[in-house]
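For reference, model33.txt is printed below; it contains compact mmCIF, C-alpha atoms (C1' of nucleotides).
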```txt
# COMPACT_ATOMS: atom_id res chain seq x y z
CA MET A 1 86.85 125.70 63.93
CA LYS A 2 85.69 122.45 65.49
CA ALA A 3 88.29 120.10 66.95
CA ALA A 4 89.38 117.12 64.92
CA ILE A 5 88.01 113.70 65.82
CA ILE A 6 90.56 110.93 65.41
CA MET A 7 90.02 107.29 66.28
CA HIS A 8 92.51 104.49 66.75
CA ILE A 9 91.14 101.02 66.05
CA ASP A 10 93.22 98.16 67.42
CA VAL A 11 92.34 94.46 67.10
CA ASN A 12 92.54 92.76 70.51
CA SER A 13 95.26 90.04 70.50
CA ALA A 14 95.07 90.20 66.73
CA TYR A 15 96.84 87.03 65.60
CA LEU A 16 95.27 84.97 68.36
CA SER A 17 91.77 86.37 67.77
CA TRP A 18 91.97 85.83 64.05
CA SER A 19 93.24 82.28 64.45
CA ALA A 20 90.52 81.62 67.06
CA VAL A 21 87.71 82.82 64.80
CA GLU A 22 89.10 80.78 61.92
CA ALA A 23 89.29 77.66 64.10
CA LEU A 24 85.66 78.12 65.18
CA ASN A 25 84.62 78.49 61.56
CA GLN A 26 86.42 75.24 60.78
CA GLY A 27 84.34 73.49 63.44
CA CYS A 28 86.75 73.66 66.36
CA GLN A 29 84.91 73.26 69.68
CA VAL A 30 87.03 75.55 71.83
CA ASP A 31 87.54 79.24 71.47
CA LEU A 32 91.27 79.92 71.80
CA ARG A 33 90.45 83.33 73.24
CA ASN A 34 88.93 81.71 76.31
CA ILE A 35 91.81 79.38 77.24
CA PRO A 36 95.51 79.98 77.91
CA ALA A 37 96.74 80.01 74.32
CA VAL A 38 99.37 81.70 72.20
CA VAL A 39 100.30 82.01 68.57
CA GLY A 40 103.93 80.96 68.36
CA GLY A 41 106.64 80.25 65.81
CA ASP A 42 108.20 76.89 64.98
CA GLU A 43 110.73 75.93 67.64
CA THR A 44 112.37 73.34 65.39
CA LYS A 45 113.26 76.24 63.09
CA ARG A 46 114.45 78.41 65.97
CA HIS A 47 111.44 80.68 65.56
CA GLY A 48 110.03 79.76 68.93
CA ILE A 49 108.66 82.98 70.36
CA VAL A 50 105.20 84.17 71.43
CA LEU A 51 103.63 86.29 68.69
CA ALA A 52 100.28 86.83 70.42
CA LYS A 53 98.56 85.65 73.59
CA SER A 54 95.00 85.20 74.84
CA ILE A 55 93.74 87.08 77.90
CA PRO A 56 93.86 83.88 80.00
CA ALA A 57 97.49 83.38 78.89
CA LYS A 58 98.23 86.96 79.91
CA LYS A 59 97.09 86.04 83.43
CA PHE A 60 100.10 83.69 83.57
CA LYS A 61 102.33 86.71 82.87
CA ILE A 62 103.17 85.42 79.42
CA LYS A 63 104.52 88.24 77.28
CA THR A 64 104.68 88.79 73.55
CA GLY A 65 108.21 88.12 72.32
CA GLU A 66 109.23 85.70 75.01
CA THR A 67 110.30 82.17 74.16
CA LEU A 68 107.71 79.41 74.01
CA TYR A 69 110.02 77.49 76.32
CA SER A 70 109.65 80.18 78.95
CA ALA A 71 105.90 80.58 78.30
CA ARG A 72 105.33 76.85 78.90
CA LYS A 73 107.25 77.04 82.14
CA LYS A 74 104.77 79.67 83.31
CA CYS A 75 101.78 77.67 82.03
CA PRO A 76 102.46 73.96 81.39
CA ASN A 77 99.19 73.22 79.58
CA LEU A 78 99.50 76.20 77.27
CA THR A 79 97.94 75.73 73.83
CA VAL A 80 100.29 76.83 71.06
CA VAL A 81 99.07 77.39 67.51
CA SER A 82 101.11 78.28 64.44
CA PRO A 83 100.70 81.65 62.74
CA ASN A 84 98.63 81.88 59.56
CA TYR A 85 99.99 85.00 57.88
CA PRO A 86 97.81 84.90 54.75
CA LEU A 87 94.76 84.79 57.02
CA TYR A 88 96.02 87.74 59.07
CA LEU A 89 96.63 89.77 55.96
CA GLU A 90 93.15 89.02 54.69
CA ARG A 91 91.52 89.92 58.02
CA SER A 92 93.58 93.09 58.23
CA ARG A 93 92.35 94.18 54.82
CA ALA A 94 88.77 93.27 55.69
CA LEU A 95 88.94 95.62 58.65
CA GLY A 96 90.35 98.39 56.48
CA LYS A 97 87.55 97.85 53.96
CA LEU A 98 84.91 98.08 56.66
CA LEU A 99 86.38 101.31 58.03
CA SER A 100 86.52 102.79 54.53
CA ARG A 101 82.73 102.61 54.38
CA TYR A 102 82.59 105.28 57.09
CA THR A 103 85.41 107.65 56.16
CA PRO A 104 87.83 107.97 53.26
CA THR A 105 90.54 109.14 55.64
CA ILE A 106 92.03 106.03 57.17
CA GLN A 107 95.61 105.03 57.67
CA GLN A 108 96.95 101.59 58.42
CA PHE A 109 99.48 101.74 61.21
CA SER A 110 100.33 98.05 61.48
CA ILE A 111 98.71 94.78 60.51
CA ASP A 112 96.16 95.17 63.31
CA GLU A 113 95.83 98.92 63.80
CA TYR A 114 94.20 101.73 61.88
CA PHE A 115 93.73 105.41 62.44
CA ALA A 116 90.55 106.99 61.10
CA ASP A 117 89.65 110.65 60.82
CA PHE A 118 86.01 111.42 61.61
CA SER A 119 86.39 115.19 61.84
CA GLY A 120 83.24 116.95 60.70
CA PHE A 121 81.16 113.76 60.64
CA GLU A 122 79.05 114.56 63.72
CA ARG A 123 75.98 115.53 61.78
CA GLN A 124 76.13 112.26 59.89
CA TYR A 125 77.18 109.83 62.63
CA GLY A 126 76.22 111.61 65.84
CA GLU A 127 78.21 112.05 69.01
CA PRO A 128 81.74 110.57 68.53
CA MET A 129 81.78 108.27 71.57
CA GLN A 130 78.35 106.86 70.74
CA PHE A 131 79.47 106.32 67.18
CA ALA A 132 82.69 104.61 68.32
CA TYR A 133 80.64 102.12 70.35
CA SER A 134 78.44 101.30 67.41
CA LEU A 135 81.46 101.00 65.11
CA LYS A 136 83.09 98.56 67.53
CA ASP A 137 79.90 96.47 67.59
CA THR A 138 79.59 96.54 63.81
CA ILE A 139 83.13 95.20 63.48
CA TYR A 140 82.33 92.39 65.87
CA LYS A 141 79.05 91.55 64.14
CA GLU A 142 80.51 91.49 60.65
CA LEU A 143 84.03 90.20 61.23
CA GLY A 144 83.74 88.23 64.46
CA PHE A 145 86.61 89.79 66.42
CA THR A 146 86.75 92.51 69.06
CA VAL A 147 88.65 95.78 68.89
CA ASN A 148 89.56 98.63 71.19
CA ILE A 149 88.78 102.10 69.93
CA GLY A 150 90.54 105.19 71.25
CA VAL A 151 88.91 108.56 70.57
CA SER A 152 90.59 111.95 70.70
CA THR A 153 91.68 114.97 68.70
CA ASN A 154 95.00 113.64 67.44
CA LYS A 155 96.59 110.30 66.64
CA LEU A 156 98.92 110.18 69.63
CA LEU A 157 96.09 110.68 72.13
CA ALA A 158 93.78 108.30 70.26
CA LYS A 159 96.46 105.64 70.33
CA MET A 160 97.17 106.12 74.02
CA ALA A 161 93.41 105.89 74.67
CA GLY A 162 93.17 102.67 72.70
CA ASP A 163 95.75 101.13 75.03
CA PHE A 164 93.64 101.69 78.14
CA GLU A 165 91.65 98.75 79.47
CA LYS A 166 91.15 95.86 77.03
CA PRO A 167 89.46 94.03 75.37
CA ASN A 168 86.38 95.22 73.50
CA LYS A 169 86.42 98.74 74.93
CA VAL A 170 86.02 102.33 73.76
CA HIS A 171 87.97 105.04 75.58
CA SER A 172 88.31 108.77 75.08
CA LEU A 173 91.38 110.84 75.87
CA PHE A 174 90.50 114.40 74.98
CA PRO A 175 92.93 117.23 75.78
CA ASN A 176 90.96 118.20 78.88
CA GLU A 177 91.31 114.62 80.18
CA ILE A 178 95.11 114.44 79.87
CA GLU A 179 95.84 115.32 83.45
CA GLN A 180 93.36 112.86 84.89
CA LYS A 181 93.82 109.93 82.46
CA LEU A 182 97.32 110.21 80.97
CA TRP A 183 99.56 111.88 83.51
CA VAL A 184 98.81 109.29 86.21
CA LEU A 185 100.23 106.46 84.10
CA PRO A 186 103.76 105.07 84.64
CA ILE A 187 106.38 106.42 82.27
CA GLU A 188 106.69 103.01 80.59
CA ASP A 189 103.18 103.36 79.15
CA LEU A 190 104.09 106.30 76.93
CA PHE A 191 104.30 105.55 73.21
CA MET A 192 107.93 105.42 72.00
CA LEU A 193 109.37 105.34 75.49
CA GLY A 194 110.92 101.90 75.59
CA LYS A 195 112.77 99.70 78.01
CA LYS A 196 116.14 101.43 77.58
CA THR A 197 114.84 104.93 78.24
CA ALA A 198 112.44 104.15 81.08
CA PRO A 199 115.13 103.30 83.68
CA LYS A 200 117.07 106.45 82.75
CA MET A 201 113.94 108.53 83.27
CA ARG A 202 113.25 106.86 86.61
CA ALA A 203 116.81 107.54 87.72
CA LEU A 204 116.01 111.24 87.28
CA GLY A 205 112.90 110.89 89.42
CA ILE A 206 110.57 110.89 86.42
CA LYS A 207 108.15 108.10 87.26
CA THR A 208 104.89 109.07 85.58
CA ILE A 209 103.92 110.55 82.23
CA GLY A 210 102.87 113.64 84.21
CA ASP A 211 106.38 113.92 85.69
CA LEU A 212 107.82 113.94 82.17
CA ALA A 213 105.23 116.43 80.93
CA ASN A 214 106.24 118.85 83.67
CA ALA A 215 109.99 118.17 83.76
CA ASP A 216 112.57 120.83 82.91
CA THR A 217 112.85 120.83 79.13
CA ASN A 218 116.52 121.78 79.19
CA LEU A 219 117.29 118.79 81.37
CA ILE A 220 115.32 116.46 79.08
CA LYS A 221 117.07 117.90 76.03
CA ALA A 222 120.49 117.49 77.62
CA LYS A 223 119.91 113.89 78.70
CA PHE A 224 117.76 112.50 75.87
CA LYS A 225 118.50 114.74 72.90
CA LYS A 226 115.93 115.12 70.17
CA GLN A 227 114.02 112.02 71.19
CA GLY A 228 113.58 113.40 74.70
CA VAL A 229 111.86 116.49 73.36
CA VAL A 230 109.56 114.35 71.23
CA LEU A 231 108.67 112.24 74.27
CA GLN A 232 107.98 115.29 76.40
CA ASN A 233 105.68 116.62 73.71
CA PHE A 234 103.89 113.26 73.66
CA ALA A 235 103.51 113.43 77.44
CA ASN A 236 101.77 116.76 76.97
CA GLY A 237 99.43 115.27 74.40
CA ASN A 238 101.11 116.96 71.50
CA GLY A 239 101.23 114.54 68.57
CA ASP A 240 103.03 116.99 66.32
CA ARG A 241 103.86 115.33 63.03
CA LEU A 242 101.72 112.44 64.12
CA ASN A 243 98.76 114.28 62.73
CA SER A 244 99.12 113.74 59.02
CA PHE A 245 97.14 111.13 57.15
CA ALA A 246 99.18 111.68 54.01
CA LYS A 247 100.73 108.60 52.52
CA GLN A 248 104.49 108.43 52.85
CA ALA A 249 106.95 106.83 50.51
CA GLN A 250 108.54 103.64 51.69
CA LYS A 251 112.21 104.08 52.62
CA GLY A 252 113.50 100.53 52.39
CA ILE A 253 112.66 96.92 51.60
CA GLY A 254 114.27 94.15 53.60
CA ASN A 255 114.04 90.46 54.27
CA SER A 256 115.88 88.45 56.85
CA THR A 257 115.78 84.96 58.24
CA THR A 258 116.86 82.95 61.24
CA THR A 259 118.16 79.62 60.02
CA ALA A 260 117.24 76.30 61.61
CA TYR A 261 120.96 75.56 62.10
CA ASP A 262 124.01 77.75 62.45
CA ILE A 263 125.69 78.68 59.20
CA LYS A 264 129.34 77.75 59.30
CA ASP A 265 130.51 77.84 55.70
CA ARG A 266 130.51 80.46 53.00
CA ASP A 267 128.57 78.45 50.42
CA SER A 268 125.66 77.90 52.79
CA ALA A 269 125.66 81.60 53.59
CA TYR A 270 125.62 82.46 49.88
CA MET A 271 122.64 80.18 49.39
CA VAL A 272 120.66 81.97 52.09
CA ILE A 273 121.75 85.34 50.74
CA LEU A 274 120.61 84.42 47.22
CA SER A 275 117.27 83.30 48.56
CA LEU A 276 116.84 86.58 50.44
CA VAL A 277 117.96 88.62 47.44
CA GLU A 278 115.45 86.83 45.19
CA MET A 279 112.66 87.90 47.52
CA VAL A 280 113.83 91.40 48.23
CA ALA A 281 114.56 92.19 44.58
CA TYR A 282 111.22 90.74 43.53
CA ARG A 283 109.47 93.00 46.03
CA LEU A 284 111.49 95.95 44.80
CA ARG A 285 110.39 95.36 41.22
CA MET A 286 106.77 94.78 42.22
CA ASN A 287 106.93 98.23 43.84
CA LYS A 288 108.41 99.67 40.64
CA LYS A 289 111.42 100.94 42.51
CA LEU A 290 115.19 100.96 42.14
CA CYS A 291 117.57 100.84 45.07
CA GLN A 292 120.94 102.47 45.55
CA ILE A 293 122.00 101.15 48.95
CA ILE A 294 122.40 97.49 49.83
CA THR A 295 122.81 96.42 53.44
CA ILE A 296 123.71 92.98 54.69
CA SER A 297 123.21 92.15 58.34
CA ILE A 298 124.20 89.12 60.37
CA LYS A 299 123.59 87.82 63.87
CA ASP A 300 126.04 85.28 65.21
CA ASN A 301 125.31 82.40 67.55
CA GLN A 302 126.22 84.64 70.49
CA PHE A 303 123.45 87.02 69.36
CA ASN A 304 125.85 89.78 68.38
CA SER A 305 124.69 91.75 65.36
CA HIS A 306 126.69 93.50 62.68
CA SER A 307 125.89 95.11 59.38
CA HIS A 308 127.63 96.42 56.34
CA GLN A 309 126.23 98.63 53.63
CA ARG A 310 127.31 99.98 50.30
CA GLN A 311 126.08 102.70 48.02
CA LEU A 312 126.04 101.89 44.32
CA ALA A 313 127.06 104.35 41.64
CA VAL A 314 123.88 103.50 39.75
CA SER A 315 120.52 102.42 41.17
CA THR A 316 119.36 98.95 40.23
CA ASP A 317 116.57 96.41 40.53
CA HIS A 318 118.47 93.42 39.15
CA THR A 319 118.64 90.27 41.20
CA SER A 320 122.08 89.38 39.86
CA THR A 321 123.62 92.80 40.59
CA ILE A 322 122.18 92.91 44.09
CA TYR A 323 123.31 89.37 44.76
CA GLN A 324 126.87 90.12 43.65
CA GLN A 325 127.06 93.17 45.93
CA ALA A 326 125.51 91.29 48.82
CA LYS A 327 128.09 88.53 48.54
CA GLU A 328 130.96 91.02 48.56
CA LEU A 329 129.52 92.82 51.58
CA PHE A 330 129.11 89.52 53.37
CA ASP A 331 132.72 88.56 52.71
CA GLU A 332 133.88 91.87 54.17
CA LEU A 333 131.71 91.38 57.21
CA TRP A 334 131.98 87.75 58.16
CA THR A 335 134.85 86.59 60.35
CA GLY A 336 133.89 82.91 60.23
CA ILE A 337 131.89 82.82 63.44
CA PRO A 338 128.77 80.59 63.20
CA LEU A 339 125.68 82.59 62.21
CA ARG A 340 122.02 82.15 63.12
CA HIS A 341 120.53 85.05 61.17
CA ILE A 342 121.17 86.83 57.87
CA GLY A 343 119.34 89.82 56.39
CA VAL A 344 119.39 91.84 53.19
CA ARG A 345 117.90 95.31 52.98
CA LEU A 346 117.59 97.70 50.04
CA GLY A 347 117.58 101.41 50.67
CA LYS A 348 117.69 104.81 48.96
CA LEU A 349 114.75 103.84 46.79
CA SER A 350 113.74 105.75 43.71
CA ALA A 351 111.02 105.37 41.10
CA ALA A 352 111.91 102.84 38.43
CA ASP A 353 110.56 104.82 35.50
CA TYR A 354 113.68 106.90 34.97
CA ARG A 355 116.48 104.47 34.52
CA GLN A 356 120.04 105.62 34.22
CA LEU A 357 121.55 103.58 31.46
CA SER A 358 125.07 102.37 31.96
CA LEU A 359 127.72 101.03 29.66
CA LEU A 360 126.79 97.56 30.81
CA ASP A 361 123.43 97.91 29.16
CA GLN A 362 123.77 94.83 26.99
CA GLN A 363 124.34 92.64 29.99
CA VAL A 364 121.78 94.54 32.00
CA SER A 365 118.96 94.02 29.56
CA SER A 366 119.40 90.28 29.45
CA ASP A 367 119.39 90.22 33.26
CA LYS A 368 116.30 92.35 33.18
CA LYS A 369 114.53 89.94 30.88
CA LEU A 370 115.37 87.05 33.16
CA ASP A 371 114.06 88.94 36.19
CA GLN A 372 110.86 89.82 34.37
CA THR A 373 110.29 86.28 33.23
CA LEU A 374 110.75 84.88 36.72
CA ASP A 375 108.52 87.61 38.22
CA ASP A 376 105.76 86.77 35.74
CA ILE A 377 105.90 83.08 36.54
CA ARG A 378 105.89 83.75 40.27
CA ASN A 379 102.97 86.13 40.02
CA ARG A 380 100.99 83.61 38.05
CA TYR A 381 101.87 80.34 39.70
CA GLY A 382 103.25 81.23 43.12
CA LYS A 383 106.64 81.97 44.55
CA ASN A 384 107.90 78.40 44.39
CA ALA A 385 106.88 77.82 40.78
CA VAL A 386 110.46 78.47 39.68
CA MET A 387 113.73 78.26 41.49
CA ARG A 388 117.36 78.50 40.64
CA ALA A 389 119.11 75.20 40.07
CA SER A 390 121.28 75.82 43.12
CA PHE A 391 118.26 75.37 45.40
CA VAL A 392 117.17 72.02 44.01
CA ASN A 393 117.71 69.23 46.54
CA THR A 394 118.66 71.65 49.31
CA ASN A 395 116.62 72.54 52.35
CA VAL A 396 116.95 76.26 51.74
CA ASP A 397 113.78 77.94 50.45
CA ALA A 398 114.30 79.47 47.05
CA MET A 399 112.72 82.66 48.34
CA LYS A 400 113.19 83.50 51.99
CA GLY A 401 111.59 86.04 54.20
CA GLY A 402 108.75 85.90 56.69
CA THR A 403 106.16 87.69 54.61
CA TYR A 404 105.58 86.97 50.98
CA ASN A 405 102.68 89.36 50.73
CA ILE A 406 103.72 92.86 51.43
CA ILE A 407 101.64 95.33 53.34
CA ASP A 408 102.35 98.74 52.02
CA TYR A 409 102.39 101.06 54.99
CA PRO A 410 105.09 103.22 56.49
CA MET A 411 105.94 102.25 59.99
CA ALA A 412 105.60 103.63 63.46
CA LYS A 413 107.79 106.64 63.92
CA SER A 414 107.24 108.45 60.69
CA LYS A 415 103.54 108.70 61.35
CA LEU A 416 103.53 110.02 64.85
C1' DT B 1 113.94 72.46 70.91
C1' DC B 2 115.99 79.22 74.04
C1' DT B 3 115.60 84.16 72.07
C1' DG B 4 111.09 86.27 64.65
C1' DG B 5 110.62 89.54 61.00
C1' DG B 6 109.50 93.98 58.93
C1' DG B 7 110.07 98.65 59.47
C1' DT B 8 111.77 104.14 60.73
C1' DC B 9 114.63 107.36 62.79
C1' DC B 10 118.64 109.14 65.39
C1' DT B 11 123.50 109.52 66.82
C1' DA B 12 128.41 109.45 66.73
C1' DG B 13 132.67 109.29 64.50
C1' DG B 14 135.53 109.63 60.45
C1' DA B 15 136.49 111.44 55.74
C1' DC B 16 136.61 115.26 53.02
C1' DC B 17 136.16 120.04 51.53
C1' DC B 18 136.59 124.93 52.15
C1' DT C 1 152.52 131.12 57.65
C1' DC C 2 150.02 128.56 61.08
C1' DT C 3 146.17 126.04 62.00
C1' DG C 4 140.71 126.18 63.57
C1' DG C 5 136.43 124.95 62.61
C1' DG C 6 131.96 124.52 60.04
C1' DG C 7 129.27 121.78 56.78
C1' DT C 8 128.13 117.54 54.48
C1' DC C 9 128.29 112.82 53.42
C1' DC C 10 128.91 108.13 54.72
C1' DT C 11 128.65 104.19 57.79
C1' DA C 12 127.67 101.22 61.88
C1' DG C 13 125.03 100.65 65.70
C1' DG C 14 121.12 101.24 68.54
C1' DA C 15 116.26 102.51 70.17
C1' DC C 16 111.72 101.89 69.26
C1' DC C 17 107.29 100.31 67.01
C1' DC C 18 103.92 96.21 65.86
```
Would you write out, as structure tokens, the structure that this file holds?
Amino acid sequence: MKAAIIMHIDVNSAYLSWSAVEALNQGCQVDLRNIPAVVGGDETKRHGIVLAKSIPAKKFKIKTGETLYSARKKCPNLTVVSPNYPLYLERSRALGKLLSRYTPTIQQFSIDEYFADFSGFERQYGEPMQFAYSLKDTIYKELGFTVNIGVSTNKLLAKMAGDFEKPNKVHSLFPNEIEQKLWVLPIEDLFMLGKKTAPKMRALGIKTIGDLANADTNLIKAKFKKQGVVLQNFANGNGDRLNSFAKQAQKGIGNSTTTAYDIKDRDSAYMVILSLVEMVAYRLRMNKKLCQIITISIKDNQFNSHSHQRQLAVSTDHTSTIYQQAKELFDELWTGIPLRHIGVRLGKLSAADYRQLSLLDQQVSSDKKLDQTLDDIRNRYGKNAVMRASFVNTNVDAMKGGTYNIIDYPMAKSKL
DNA sequence: TCTGGGGTCCTAGGACCC
DNA sequence: TCTGGGGTCCTAGGACCC
């Protein structure tokens, strides 16, 4: 049997590239990709972090996730542009559509990354590396942005290959290249080995991916538990469960928001919670799901986080039920300390087509009708077409949450 | 005007049952 | 009779991804 051919396609500086191309199309004279520039949130709303950076900005050691304040200190004439999420979503889908022309087996891994399975396509497309180069060029020609493509026999290796030199590059990382290309890299470069684990590894003398690959498994198991074993397998190029392209059911739906000002009173908190619940419950219903677990999370002005969750006796998709539970959970959780962030998450999802009817059915069906009516209006006229009276003349959005449009893909860990 | 938002998975401790 | 310990469920917190 011939080895699988898996490719990882990753848009270079996705948000920044997409905004740059859009600006050029609108007649802008400069290409943001060629100057020190970042996509960053709104500092007046306390969203002031770097979401994406250009290569010239990277030369100033600006990092994704750092504050704009800090980024400007490193590069005083930094250009900062606001994110355009609808654009990013559209570009993301355009890339997926292009890839689908070449293989039916693709999987979106994040807004700017796809895996594609080209196993058995050699006769049609030729030698995999040659094909990857032409695919990269086709993407650039048709969509105007550059990508990195990693080529290997499983998703883990393809992804690691895609992270080699950027931008606009194709790299292979086949099993027989692991020693030469993967093992020489610092431990920090391994997928899923983050900034908490890396220092612990280094303290044990494990400095490179090769060191981890060849470390004593019993030691790794003892120190890092299950996750350690997964990481050691990754270091050996074994993607394990990372190999499936099967679609996985979503486990939870959540929305959260950092408020422009600290929340100091219960009524303001309730307003934000209602706004979050409106969004999260709407998304739940659009996905034709019910939830059985509701989690509320808060972050105080000292950046300490806490959460509280509750399992319901009966699954629900009603805004009013979820809101009531969320308020109770919040009251149990909140000590009165000023808050900067509140989140609501729905878990233990099930299909909405088998509904367990309760004694409260009378009440429930009128709630259901209200939810349906509001959903219909929002789908037709936009999310702000209707709002509860309590939001009128306030500066709280009637529906909160960073992303209104939902990308339906399971996240990182479950796929690898 | 200093630190986002959306996810998944794992662990540890306590409750409860047998 | 005395009391150990395994299994499961629940919850809060944390690590990691983009």
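Nearest to Asn34 in chain A of all the residues A:Ser315, A:Leu157, A:Glu278, A:Ala20 is A:Ala20, based on all atoms listed in the file.
We find CA of Ile149 in chain A and CA of Asn238 in chain A to be spaced 19.4 Å apart.
CA of Lys348 in chain A is found 5.7 Å from CA of Ile293 in chain A.
Interatomic distance, CA of Ala132 in chain A against CA of Val170 in chain A: 6.8 Å.
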Q) Could you list, as a ChimeraX atom specification, every residue of chain B that has an atom within 6 Å of an atom of chain A, counting all atoms listed in the file? A) /B:1,4-5,7-8
Show which residues sit within 9 Å of Ser305 in chain A, as a tab-separated table (two decimals) with C-alpha atoms (C1' of nucleotides), keeping the file's coordinate frame. Count all atoms listed in the file, and ignore same-chain residues fewer than 4 positions away.
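The resulting file, part_37.tsv, is shown below:
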```tsv
chain	number	residue	atom	x	y	z
A	297	SER	CA	123.21	92.15	58.34
A	298	ILE	CA	124.20	89.12	60.37
A	299	LYS	CA	123.59	87.82	63.87
A	300	ASP	CA	126.04	85.28	65.21
A	341	HIS	CA	120.53	85.05	61.17
C	13	DG	C1'	125.03	100.65	65.70
```
Q: Skip range 9-11 of chain C itself and residues of its chain fewer than 3 positions away, then list as number ranges by chain all residues within 10 Å of it, counting all atoms listed in the file.
A: A: 307-311; B: 13-16
Writing out the chosen residues with C-alpha atoms (C1' of nucleotides) as a PDB file, in the coordinates of the input:
```pdb
ATOM      1  CA  SER A 307     125.890  95.110  59.380  1.00  0.00           C
ATOM      2  CA  HIS A 308     127.630  96.420  56.340  1.00  0.00           C
ATOM      3  CA  GLN A 309     126.230  98.630  53.630  1.00  0.00           C
ATOM      4  CA  ARG A 310     127.310  99.980  50.300  1.00  0.00           C
ATOM      5  CA  GLN A 311     126.080 102.700  48.020  1.00  0.00           C
TER       6      GLN A 311
ATOM      7  C1'  DG B  13     132.670 109.290  64.500  1.00  0.00           C
ATOM      8  C1'  DG B  14     135.530 109.630  60.450  1.00  0.00           C
ATOM      9  C1'  DA B  15     136.490 111.440  55.740  1.00  0.00           C
ATOM     10  C1'  DC B  16     136.610 115.260  53.020  1.00  0.00           C
TER      11       DC B  16
END
```
May I have the centre and edge lengths, in Å to one decimal, of an axis-aligned box around the listed atoms of chain B with 3 Å added to every side, as JSON?
```
{"center_x": 123.1, "center_y": 98.7, "center_z": 62.8, "size_x": 33.1, "size_y": 58.5, "size_z": 28.5}
```
Q) So which residues touch Asn384 in chain A within 9 Å, counting only C-alpha atoms (C1' of nucleotides), skipping near sequence neighbours fewer than 5 positions away, as an MDAnalysis selection string? A) chainID A and resid 378 397:399
